[in-house]
Amino acid sequence: PYTLAEGWRVQVFAGTNREYARSLAMKLRSLKLDSVYVVQSEQLFKVQLGNFVERQEAEKLLNRLWYAGIDNAWIVKTTIHVPKTTPRAQPAGTEKASDFSRQLTFAIQVFVTSSPQKADSIKNLAHRKLGLKAKTFFAANVWKVLVGEFSNEIDARNVLALVKQSGFPDAWVTQVEKTNH
């Protein structure tokens with residue numbers, strides 16, 4: 001019971017090895033990830049996750065995959081499955097956050113580089129310009145510069161406009177592991 005529409009998915013593999021694509025899809029399903037697809041396009045087999053109408057939702061899954069150690073995934077625009085009926089909402093207060101999501105917080109990523117010196121320089125600049133806590137960390141073979149630490153996505157998105165106006169036009173909201181202070 002779905003319709004087809006343009007949207008976003010997170011892709012974790014594209015190659016000619018059909019068996020690898022199928023085995024990777026099974027591994028991802030075992031992680032309780034919803035909507036895992038093996039898509040064949042001529043001789044190419046793609047492993048894709050999700051059905052997202054908004055790119056922001058795909059970015060959230062991509063971040064979760066990175067923190068789960070799957071750092072070679074990327075977002076693709078493609079045809080997705082959109083449910084014909086809206087799933088029933090759970091009563092307020094009955095949602096169960098996974099242990100994984102409780103360890104994450106929201107931040108704004110302002111820069112990515114392969115140079116630790118450049119990352120440190122941008123971190124200091126961002127802190128001075130924005131007055132927000134700034135940090136660098138190394139992941140997926142690059143240095144990332146983040147500002148802020150927000151308990152929810154709405155607060156992070158409210159600050160994002162200020163960050164973009166302050167000289168970081170490509171900044172975006174991401175999720176990162178909570179730091180212990």
# chains A, B, ... in the order shown; residues from 1 in each chain; ligands from 1
>>> select_by_dssp(residues="stretch 15-60 of chain A", states="strand (DSSP E)", output="number ranges by chain")
A: 15, 36-41, 44-52
>>> residues_around(residues="A:Thr105", least_positions_apart="3", cutoff="12 Å", atoms="only C-alpha atoms", output="compact mmCIF listing (two decimals) with all heavy atoms, in the first residue's frame")
# COMPACT_ATOMS: atom_id res chain seq x y z
N LYS A 60 19.70 12.42 8.74
CA LYS A 60 19.68 11.84 10.10
C LYS A 60 20.09 10.38 10.06
O LYS A 60 20.88 9.94 10.90
CB LYS A 60 18.28 11.97 10.71
CG LYS A 60 17.87 13.37 11.07
CD LYS A 60 16.46 13.37 11.61
CE LYS A 60 15.90 14.76 11.74
NZ LYS A 60 14.52 14.76 12.19
N ASN A 63 23.85 10.11 9.41
CA ASN A 63 24.64 10.35 10.62
C ASN A 63 24.62 9.15 11.55
O ASN A 63 25.65 8.78 12.11
CB ASN A 63 24.10 11.57 11.38
CG ASN A 63 24.50 12.85 10.72
OD1 ASN A 63 25.58 12.97 10.18
ND2 ASN A 63 23.61 13.82 10.73
N ARG A 64 23.48 8.53 11.73
CA ARG A 64 23.40 7.35 12.59
C ARG A 64 24.25 6.22 12.04
O ARG A 64 24.90 5.50 12.81
CB ARG A 64 21.95 6.91 12.75
CG ARG A 64 21.18 7.86 13.63
CD ARG A 64 19.88 7.24 14.11
NE ARG A 64 19.33 8.06 15.16
CZ ARG A 64 18.21 8.76 15.04
NH1 ARG A 64 17.52 8.71 13.93
NH2 ARG A 64 17.78 9.49 16.04
N TYR A 67 27.94 6.86 12.82
CA TYR A 67 28.29 6.57 14.21
C TYR A 67 28.19 5.09 14.53
O TYR A 67 28.74 4.64 15.53
CB TYR A 67 27.44 7.40 15.17
CG TYR A 67 27.96 8.81 15.20
CD1 TYR A 67 27.30 9.82 14.51
CD2 TYR A 67 29.13 9.13 15.84
CE1 TYR A 67 27.78 11.11 14.49
CE2 TYR A 67 29.64 10.41 15.81
CZ TYR A 67 28.96 11.39 15.15
OH TYR A 67 29.45 12.66 15.11
N PHE A 100 21.15 3.83 21.64
CA PHE A 100 21.98 4.55 20.69
C PHE A 100 21.54 6.01 20.59
O PHE A 100 22.36 6.91 20.67
CB PHE A 100 21.90 3.88 19.31
CG PHE A 100 22.78 4.51 18.30
CD1 PHE A 100 24.16 4.38 18.38
CD2 PHE A 100 22.26 5.25 17.26
CE1 PHE A 100 24.98 4.97 17.46
CE2 PHE A 100 23.07 5.84 16.33
CZ PHE A 100 24.44 5.69 16.42
N SER A 101 20.25 6.27 20.46
CA SER A 101 19.80 7.65 20.29
C SER A 101 19.99 8.47 21.57
O SER A 101 20.14 9.67 21.51
CB SER A 101 18.34 7.71 19.83
OG SER A 101 17.49 7.21 20.83
N ARG A 102 19.97 7.82 22.73
CA ARG A 102 20.20 8.57 23.97
C ARG A 102 21.63 9.04 24.09
O ARG A 102 21.93 9.93 24.86
CB ARG A 102 19.84 7.70 25.17
CG ARG A 102 18.36 7.67 25.43
CD ARG A 102 18.10 6.95 26.70
NE ARG A 102 18.40 5.55 26.47
CZ ARG A 102 17.68 4.54 26.89
NH1 ARG A 102 16.61 4.77 27.60
NH2 ARG A 102 18.00 3.30 26.64
N ILE A 108 25.93 21.67 14.95
CA ILE A 108 25.95 22.24 13.61
C ILE A 108 27.35 22.07 13.04
O ILE A 108 28.33 22.53 13.62
CB ILE A 108 25.56 23.74 13.64
CG1 ILE A 108 24.15 23.88 14.21
CG2 ILE A 108 25.67 24.35 12.25
CD1 ILE A 108 23.73 25.31 14.51
N LEU A 146 32.49 21.31 14.45
CA LEU A 146 31.12 21.42 14.92
C LEU A 146 31.00 22.56 15.91
O LEU A 146 31.93 22.83 16.66
CB LEU A 146 30.68 20.14 15.62
CG LEU A 146 30.80 18.85 14.83
CD1 LEU A 146 30.44 17.67 15.72
CD2 LEU A 146 29.91 18.88 13.62
N VAL A 147 29.83 23.20 15.92
CA VAL A 147 29.54 24.22 16.93
C VAL A 147 28.23 23.86 17.62
O VAL A 147 27.33 23.27 17.03
CB VAL A 147 29.46 25.64 16.34
CG1 VAL A 147 30.81 26.08 15.78
CG2 VAL A 147 28.39 25.74 15.27
N GLY A 148 28.17 24.24 18.89
CA GLY A 148 26.96 24.02 19.67
C GLY A 148 26.78 22.58 20.10
O GLY A 148 27.42 21.67 19.59
N GLU A 149 25.93 22.41 21.07
CA GLU A 149 25.50 21.09 21.53
C GLU A 149 24.07 21.29 22.00
O GLU A 149 23.82 21.95 22.99
CB GLU A 149 26.40 20.58 22.65
CG GLU A 149 26.18 19.13 22.94
CD GLU A 149 27.25 18.55 23.84
OE1 GLU A 149 28.40 18.40 23.39
OE2 GLU A 149 26.93 18.25 25.01
N PHE A 150 23.12 20.76 21.23
CA PHE A 150 21.71 21.01 21.45
C PHE A 150 20.99 19.72 21.83
O PHE A 150 21.25 18.68 21.24
CB PHE A 150 21.08 21.61 20.19
CG PHE A 150 21.81 22.82 19.67
CD1 PHE A 150 22.81 22.69 18.72
CD2 PHE A 150 21.51 24.08 20.16
CE1 PHE A 150 23.49 23.80 18.25
CE2 PHE A 150 22.19 25.20 19.69
CZ PHE A 150 23.19 25.05 18.73
N SER A 151 20.07 19.80 22.76
CA SER A 151 19.36 18.60 23.20
C SER A 151 18.29 18.17 22.21
O SER A 151 17.85 17.02 22.23
CB SER A 151 18.72 18.84 24.57
OG SER A 151 17.82 19.92 24.49
N ASN A 152 17.88 19.08 21.31
CA ASN A 152 16.88 18.68 20.32
C ASN A 152 17.15 19.38 18.99
O ASN A 152 17.85 20.39 18.91
CB ASN A 152 15.46 18.96 20.83
CG ASN A 152 15.22 20.43 21.06
OD1 ASN A 152 15.23 21.23 20.13
ND2 ASN A 152 15.01 20.80 22.32
N GLU A 153 16.57 18.83 17.95
CA GLU A 153 16.80 19.32 16.59
C GLU A 153 16.23 20.72 16.38
O GLU A 153 16.82 21.55 15.67
CB GLU A 153 16.18 18.35 15.59
CG GLU A 153 16.46 18.71 14.16
CD GLU A 153 15.89 17.71 13.17
OE1 GLU A 153 15.20 16.76 13.59
OE2 GLU A 153 16.14 17.89 11.96
N ILE A 154 15.12 21.04 16.99
CA ILE A 154 14.49 22.36 16.81
C ILE A 154 15.43 23.47 17.28
O ILE A 154 15.62 24.47 16.58
CB ILE A 154 13.13 22.43 17.54
CG1 ILE A 154 12.14 21.48 16.87
CG2 ILE A 154 12.59 23.84 17.58
CD1 ILE A 154 10.85 21.28 17.63
N ASP A 155 16.05 23.29 18.45
CA ASP A 155 16.99 24.30 18.95
C ASP A 155 18.16 24.47 18.00
O ASP A 155 18.61 25.59 17.72
CB ASP A 155 17.50 23.93 20.34
CG ASP A 155 16.43 24.04 21.41
OD1 ASP A 155 15.37 24.65 21.14
OD2 ASP A 155 16.64 23.50 22.52
N ALA A 156 18.68 23.34 17.48
CA ALA A 156 19.81 23.41 16.55
C ALA A 156 19.41 24.15 15.27
O ALA A 156 20.15 25.00 14.78
CB ALA A 156 20.31 22.01 16.23
N VAL A 173 22.76 20.84 10.20
CA VAL A 173 22.53 20.19 11.50
C VAL A 173 22.88 18.72 11.38
O VAL A 173 22.52 18.05 10.40
CB VAL A 173 21.07 20.36 11.95
CG1 VAL A 173 20.78 19.54 13.19
CG2 VAL A 173 20.77 21.84 12.19
N THR A 174 23.58 18.22 12.38
CA THR A 174 23.97 16.81 12.42
C THR A 174 23.77 16.28 13.83
O THR A 174 23.45 17.03 14.74
CB THR A 174 25.44 16.65 11.96
OG1 THR A 174 25.75 15.26 11.85
CG2 THR A 174 26.41 17.33 12.91
N GLN A 175 23.96 14.99 14.00
CA GLN A 175 23.92 14.39 15.31
C GLN A 175 25.28 13.82 15.63
O GLN A 175 25.94 13.25 14.76
CB GLN A 175 22.87 13.26 15.38
CG GLN A 175 21.46 13.77 15.41
CD GLN A 175 20.47 12.64 15.52
OE1 GLN A 175 20.32 11.87 14.61
NE2 GLN A 175 19.81 12.56 16.65
N VAL A 176 25.72 13.99 16.86
CA VAL A 176 27.02 13.50 17.30
C VAL A 176 26.89 12.88 18.68
O VAL A 176 25.90 13.11 19.38
CB VAL A 176 28.07 14.65 17.34
CG1 VAL A 176 28.34 15.18 15.95
CG2 VAL A 176 27.65 15.76 18.26
N GLU A 177 27.90 12.14 19.06
CA GLU A 177 27.90 11.55 20.40
C GLU A 177 28.00 12.66 21.43
O GLU A 177 28.70 13.65 21.25
CB GLU A 177 29.08 10.61 20.56
CG GLU A 177 28.93 9.34 19.75
CD GLU A 177 30.10 8.40 19.95
OE1 GLU A 177 30.57 8.26 21.10
OE2 GLU A 177 30.54 7.82 18.96
N LYS A 178 27.28 12.49 22.54
CA LYS A 178 27.32 13.46 23.62
C LYS A 178 28.71 13.46 24.23
O LYS A 178 29.34 12.42 24.38
CB LYS A 178 26.31 13.11 24.69
CG LYS A 178 24.88 13.33 24.27
CD LYS A 178 23.92 13.00 25.39
CE LYS A 178 22.51 13.19 24.91
NZ LYS A 178 21.54 12.81 25.94
N THR A 179 29.18 14.66 24.60
CA THR A 179 30.45 14.75 25.30
C THR A 179 30.17 14.80 26.79
O THR A 179 29.18 15.39 27.23
CB THR A 179 31.24 16.01 24.86
OG1 THR A 179 30.41 17.15 25.08
CG2 THR A 179 31.63 15.92 23.40
N ASN A 180 31.03 14.22 27.56
CA ASN A 180 30.86 14.22 29.01
C ASN A 180 31.70 15.31 29.62
O ASN A 180 32.91 15.29 29.52
CB ASN A 180 31.28 12.85 29.59
CG ASN A 180 30.37 11.75 29.08
OD1 ASN A 180 29.18 11.95 28.91
ND2 ASN A 180 30.94 10.58 28.84
>>> closest_residue(among="A:Met26, A:Val39, A:Leu4, A:Val159", to="A:Gly131", atoms="only C-alpha atoms")
A:Val159
>>> residues_around(residues="A:Leu65", least_positions_apart="3", cutoff="12 Å", atoms="only C-alpha atoms", output="PDB file with C-alpha atoms, in the first residue's frame")
ATOM      1  CA  VAL A  10      20.879   6.452   1.864  1.00  0.00           C
ATOM      2  CA  GLN A  11      23.023   4.237  -0.356  1.00  0.00           C
ATOM      3  CA  VAL A  12      25.696   2.024   1.192  1.00  0.00           C
ATOM      4  CA  LEU A  28      21.647  -4.231   7.496  1.00  0.00           C
ATOM      5  CA  LEU A  31      20.542  -4.314  12.549  1.00  0.00           C
ATOM      6  CA  LEU A  33      17.076  -1.007   9.856  1.00  0.00           C
ATOM      7  CA  LEU A  49      17.984   2.400   2.925  1.00  0.00           C
ATOM      8  CA  ALA A  58      17.986  11.027   5.053  1.00  0.00           C
ATOM      9  CA  GLU A  59      20.773  13.089   6.670  1.00  0.00           C
ATOM     10  CA  LYS A  60      19.677  11.843  10.099  1.00  0.00           C
ATOM     11  CA  LEU A  61      19.955   8.224   8.998  1.00  0.00           C
ATOM     12  CA  LEU A  62      23.316   8.918   7.355  1.00  0.00           C
ATOM     13  CA  ALA A  68      27.469   2.868  13.853  1.00  0.00           C
ATOM     14  CA  GLY A  69      30.700   2.465  11.870  1.00  0.00           C
ATOM     15  CA  ILE A  70      29.203   2.513   8.369  1.00  0.00           C
ATOM     16  CA  ASP A  71      31.136   5.497   7.054  1.00  0.00           C
ATOM     17  CA  ASN A  72      31.012   4.843   3.299  1.00  0.00           C
ATOM     18  CA  ALA A  73      27.311   5.671   2.836  1.00  0.00           C
ATOM     19  CA  TRP A  74      25.909   8.604   0.882  1.00  0.00           C
ATOM     20  CA  ILE A  75      22.545  10.200   0.077  1.00  0.00           C
ATOM     21  CA  PHE A 100      21.979   4.554  20.686  1.00  0.00           C
ATOM     22  CA  SER A 101      19.797   7.654  20.295  1.00  0.00           C
ATOM     23  CA  ALA A 140      35.639   8.861   8.077  1.00  0.00           C
ATOM     24  CA  GLN A 175      23.915  14.388  15.313  1.00  0.00           C
ATOM     25  CA  VAL A 176      27.021  13.503  17.302  1.00  0.00           C
TER      26      VAL A 176
END
>>> atom_distance(atom1="atom CA of A:Thr79", atom2="atom CA of A:Asp170")
26.0 Å
>>> atom_distance(atom1="atom CA of A:Val142", atom2="atom CA of A:Gly50")
25.6 Å
>>> closest_residue(among="A:Ile80, A:Val38, A:Ala21, A:Val53", to="A:Tyr2", atoms="only C-alpha atoms")
A:Ile80
